[in-house]
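Q: Before we start, here is the structure in question, set down as structure tokens.
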Amino acid sequence: MRTKLKYALLAAATGLMPLTAQAQTYERSGWGHGWDWGWGHMLGGGLMMILFWGGIILVIVFAVRALGGGSSQGATPAESRNKALEILQERFARGEIDKDEFEERKRLLSD
């Protein structure tokens, strides 16, 4: 899971590199002070803002999942049956259910 977090951070960092290169090229070209980019600059800025905050949210989600340590997958059917059988055996041992009821439920669990 930590490798996914590293790749997400690397992708976010490399995604910003072309923008800095473009800004440096623009400054060296002597085109003016940035007013002649037109609407493309505004649309690109909005898109970059969405990508930036989306990347921040993804990094937070990956970090929470990695630090949580829990699995997002549920128990397998075999594990569920084993747990149910353990509970059934405990109830029979405590005397909450009789032998006939224990056998019937055990048979239902094994099907």
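A note on labels: chains of the structure tokens are A, B, ... as shown, every chain counts residues from 1, and ligands are counted from 1 in their shown order.
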Would you kindly return, as a list of chain:residue names, each protein, DNA or RNA residue with an atom no farther than 10 Å from any atom of segment 56-61 of chain A, considering only C-alpha atoms and excluding same-chain residues fewer than 2 positions away?
A: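 After dropping sequence-adjacent residues, the list is A:Lys4, A:Leu5, A:Lys6, A:Ala8, A:Leu9, A:Ala12, A:Ile50, A:Leu51, A:Phe52, A:Trp53, A:Gly54, A:Ala63, A:Val64, A:Arg65, A:Ala66, A:Leu67.
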Q: Could you save those same residues with C-alpha atoms as a tab-separated table (two decimals), in the first residue's frame?
A:
chain	number	residue	atom	x	y	z
A	4	LYS	CA	0.83	3.12	-4.15
A	5	LEU	CA	1.22	6.21	-1.98
A	6	LYS	CA	4.73	6.78	-3.32
A	8	ALA	CA	0.63	8.86	-6.26
A	9	LEU	CA	3.01	11.47	-4.87
A	12	ALA	CA	1.41	14.52	-8.62
A	50	ILE	CA	-9.33	20.70	-9.89
A	51	LEU	CA	-6.40	18.34	-10.53
A	52	PHE	CA	-4.42	19.81	-7.64
A	53	TRP	CA	-7.21	19.43	-5.06
A	54	GLY	CA	-8.15	16.02	-6.46
A	63	ALA	CA	-2.57	7.78	3.58
A	64	VAL	CA	-5.63	7.01	5.71
A	65	ARG	CA	-5.98	3.58	4.12
A	66	ALA	CA	-2.28	2.82	4.54
A	67	LEU	CA	-2.20	3.95	8.16
Q: For Leu88 of chain A, please output as a PyMOL selection string all residues within 12 Å (counting only C-alpha atoms; exclusion window: fewer than 2 positions along the same chain).
A: chain A and resi 81-86+90-99+101-109
